[in-house]
Structure formats: C-alpha cells, structure tokens
Amino acid sequence: YVTSRLWLVLVLDVATRMPLGWTLTDAPNHEATLDALRMATRGKEREKIIFGCDCDPMPAVGLACVANDNGSGLRNGAVKTALLGAGAQVVDVRAYHSGDTPFVERMWSTMESQLINLLHGYTGRKAGHLKGYDAKKNAVIFREELFRLITRYLIDEYPYQNHYGTTMFGRSPIHVATQLAEEGWAIAVPSPQDRRLHLGWRKEAMITDEGVKVFGLPYNSPELQKFRDSTKRKVAVFCDPDCVNEVTVIVEGHPAPICVDLSWTEMRDMTIPEVLAHYEELRRNDPANLKDTRVRLARLRQERFDYLKSKAIENGLARSYMTREEAEKKAAVLTAGMQSSEPKITEGTVAPGTLADLECDPFAFDIGDGFASPIKGDLTSNTQDERAVFGRPEHAGKLK
C-alpha cells in the first residue's frame with residue numbers, strides 16, 4: 001500500500017455556511033481548485049446516490065465574490081482567470097491573518113473536532129502535533145473511504161447543526177439557506193457553456209466528417225460541418241468533465257462559440273471518468289474484441305501500463321478527481337484500435353424495401369399476374385438463354 005498525505009479543498013458559502021464543493025488531492029494545485037469550483041456550480045445528486053447520503057445536498061449556485069485562502073493551489077493564473085471569466089470577483093486575504101476569513105477557520109475547527117480527529121492515521125495540524133503517534137503505521141483508511149466519510153459529513157451532518165457565528169444566531173446552515181432562497185437572494189447559476197469555457201477542460205481537435213472527438217467521444221452538428229473543408233479545421237474544444245452531453249468549439253475567425261452535441265447517445269449524462277471506466281469494462285469483459293489484433297494489442301499495452309504503474313509506487317498517489325492529462329492518456333490507450341465498420345448486404349439478398357423493385361436490384365422480379373420469378377434450381381432448364389426470357393408472360397408456365 002502507498003501511504004500518502006491528502007489535502008481537502010473546500011468551497012464554503014459565507015452567507016449560509018453551507019458546503020458547496022469539496023475534493024481530495026495529493027497536492028493542492030489549480031486542478032483540485034477548479035474541480036471544487038465545478039462541484040459548487042453544479043448539482044451534487046450523483047454524490048448523494050453514490051455515497052448513500054440521507055439528506056439533499058446544496059444545489060448548484062453562482063459565484064459572486066470568492067475570497068481565496070493562501071496557497072499556490074488557490075492563488076495562480078488558472079484559477080483567477082477561470083473565476084473572472086465566470087463573472088466572480090476575486091479577493092486575496094492577507095497571509096497569517098486568520099481574522100480575514102473567520103468563517104473558514106471556524107469550519108475547519110468544527111470539522112476537525114467532530115470527524116478528522118477520529119480518523120485512524122490523522123497527522124495533526126502540523127508536524128509533531130501528535131506526540132508519539134505514528135500516523136503512517138496507523139493509516140488504514142483508503143482514499144475512497146475517506147472521501148465517503150467527508151461527503152456524508154458535509155451533506156448529512158454539518159448543515160443541520162446549530163451555528164452561532166456572525167449573522168447565524170444559532171440557526172442551522174440549511175435553515176439559513178432555505179430562508180435566503182425563499183427571499184430571492186440566490187445567485188444565478190452560470191450557464192453550461194460558461195462552465196465549459198471557464199471551468200472546464202480545453203483540448204485541441206480536428207474537424208472531420210464525424211465532427212470532433214474528445215476523449216474518444218464523437219461530437220457533431222450541422223453548423224460545425226460548415227468548417228469541415230475550410231483551412232480552419234484545427235479548433236479548440238472545451239468540455240465539462242462532469243457532463244459529456246455537449247462541448248463548446250471555438251473556431252479561429254468565427255465570432256461566436258459553437259455548441260456541439262454528443263453523437264454517442266449511450267454515454268449521455270455521464271462524467272469523463274465514468275466514460276473511461278465504461279471503456280475499460282467493455283474491453284475487459286467482451287471476448288469478441290479479442291478477435292481483432294489491434295484491440296488485442298491495445299489490451300496488452302494497457303496491462304503492461306497497469307503493471308508498470310503498480311510497480312512505480314512513488315507515483316501512485318491517490319486523489320478524488322482525475323486531471324485532464326490523465327484523462328487524455330487513458331482515453332488514448334483505451335480507444336486505440338477502435339474502428340467503425342460498415343455493414344454489407346449479403347450476396348443474393350436485396351436491401352429492405354426493394355424486394356419487388358425491378359429497377360433497383362437484379363435479383364428482384366415481379367411475381368404478379370402473368371409473371372414468375374426465376375429461381376435457380378427450379379427451372380426446367382438452367383441455360384443462360386432460357387433464364388433470360390423467363391420473366392416474359394408467355395414463359396410463365398415453365399416452372400417445375
């Protein structure tokens with residue numbers, strides 16, 4: 001097992017103290033921060049179902065003013081650009097001034113005393129905080145279990161506790177959130193296109209007859225096909241890793257973004273990690289794929305990649321999210337060798353709807369009044385000359 005230290009990135013609503021988004025990461029960086037911001041601006045019903053929560057989580061909200069804590073994972077160009085693009089104001093608090101963010105400090109203390117302190121392998125607030133306690137030796141909780149515990153605490157427990165902070169007056173966070181929503185104080189949720197452009201993943205692609213492909217998923221639309229034969233075939237595609245139903249395509253020189261729908265309808269309403277897991281499951285369980293040499297090579301390469309990854313324990317640090325680079329590499333491996341095939345008509349048969357159409361297929365003959373359909377083996381003579389005139393009325397009775 002790989003023992004690692006994880007960080008929790010949390011987005012908290014100042015007005016209601018409701019948790020909006022959270023993620024676990026092995027290193028606080030812009031990818032983890034953007035993942036938490038995406039969670040705050042979308043519904044969390046998927047987490048409620050997966051982790052078996054009893055209560056309803058906070059719905060999707062908009063971002064008005066974001067006060068960043070200290071740290072390179074929060075104060076960087078990628079995060080600030082995303083927040084400004086989403087229409088939010090960014091405020092940087094002072095270092096070593098906990099009074100600038102008292103609501104955050106109180107939240108951490110409450111969560112630490114009620115949940116984190118009870119976990120096996122807790123390292124303490126700082127190095128050497130727990131004297132004589134070997135955190136690595138006692139670390140027995142997997143990353144998935146830790147994320148489940150934190151999710152259930154933030155959805156089922158913390159929002160329903162009495163809070164005595166400023167403006168709360170002993171009310172619970174869920175009570176304040178419900179009251180403010182009824183009074184119309186909710187912030188407008190960013191549109192799906194704004195989420196993709198400012199909080200999503202950017203990927204380069206080429207326009208083909210099938211549209212554009214992102215992580216093995218095909219997207220197409222009539223408007224996009226207008227640029228298929230132009231010189232601007234290389235475009236920028238923005239996708240939301242939490243929903244693969246649509247992508248936004250930016251074409252150089254085109255004034256407006258193009259919204260393109262997913263062509264593979266079976267994958268709708270899934271996340272990119274779920275799509276890649278579905279690819280992996282199909283490759284593993286479908287024995288028919290083994291007949292294709294290219295698919296077999298892809299399977300062997302995937303097995304070698306997994307084997308080498310299991311040996312490189314120093315790189316096997318767990319997280320509760322997937323980065324764009326990891327998704328691109330995994331999609332390239334899992335979709336290698338995939339090729340669509342066109343079904344062909346079996347020789348000696350006709351296409352549907354053309355059974356009696358004499359002009360469309362040479363095997364179709366009218367069998368109405370006065371005519372007969374010549375069938376090889378049922379004729380009194382199989383010579384080429386006699387068969388050529390059997391379709392005439394005067395030869396209709398020469399069948400066995």
# chains A, B, ... in the order shown; residues from 1 in each chain; ligands from 1

$ select_by_dssp --residues "segment 19-164 of chain A" --states "strand (DSSP E)" --output "VMD selection string"
chain A and resid 19 to 25 65 to 68 89 to 92

$ write_last_selection --atoms "C-alpha atoms" --output "short mmCIF file (atom, residue, chain, number, x, y, z; two decimals), in the first residue's frame"
data_model
loop_
_atom_site.label_atom_id
_atom_site.label_comp_id
_atom_site.auth_asym_id
_atom_site.auth_seq_id
_atom_site.Cartn_x
_atom_site.Cartn_y
_atom_site.Cartn_z
CA PRO A 19 -20.58 23.45 1.96
CA LEU A 20 -20.72 23.93 -1.82
CA GLY A 21 -17.87 21.82 -3.21
CA TRP A 22 -15.00 19.69 -1.94
CA THR A 23 -12.28 17.45 -3.28
CA LEU A 24 -9.29 15.46 -2.03
CA THR A 25 -5.88 15.91 -3.61
CA CYS A 65 -17.21 37.02 -4.74
CA VAL A 66 -14.56 34.41 -3.94
CA ALA A 67 -12.16 35.01 -1.05
CA ASN A 68 -9.09 32.84 -1.63
CA GLN A 89 -14.83 38.91 -8.02
CA VAL A 90 -11.59 37.57 -6.53
CA VAL A 91 -10.37 38.68 -3.10
CA ASP A 92 -6.98 37.60 -1.71
#

$ residues_around --residues "Lys44 of chain A" --least-positions-apart "4" --cutoff "12 Å" --atoms "only C-alpha atoms" --output "list of chain:residue names"
A:Pro19, A:Leu20, A:Gly21, A:Trp22, A:Ala36, A:Arg38, A:Met39, A:Ala40, A:Lys48, A:Ile49, A:Ile50, A:Phe51, A:Cys53, A:Cys55, A:Asp56, A:Pro57, A:Met58, A:Pro59, A:Ala60, A:Val61, A:Thr151, A:Arg152, A:Leu154, A:Ile155, A:Asp242

$ closest_residue --among "A:Asp269, A:Glu303, A:Glu280, A:Asp261" --to "Ala331 of chain A" --atoms "only C-alpha atoms"
A:Glu280

$ residues_around --residues "segment 236-241 of chain A" --least-positions-apart "4" --cutoff "10 Å" --atoms "only C-alpha atoms" --output "ChimeraX atom specification"
/A:35,38,192-206,212-215,245-252,257-260,270-274,322-324,327

$ closest_residue --among "A:Pro218, A:Pro159, A:Pro102, A:Gly73" --to "Pro28 of chain A" --atoms "only C-alpha atoms"
A:Gly73

$ select_by_dssp --residues "segment 3-213 of chain A" --states "alpha helix (DSSP H)" --output "number ranges by chain"
A: 30-40, 45-50, 77-85, 102-114, 143-152, 173-182, 192-194

$ atom_distance --atom1 "atom CA of Pro190 of chain A" --atom2 "atom CA of Glu105 of chain A"
27.9 Å

$ closest_residue --among "A:Met168, A:Ala88, A:Val104, A:Ala27" --to "Val11 of chain A" --atoms "only C-alpha atoms"
A:Val104
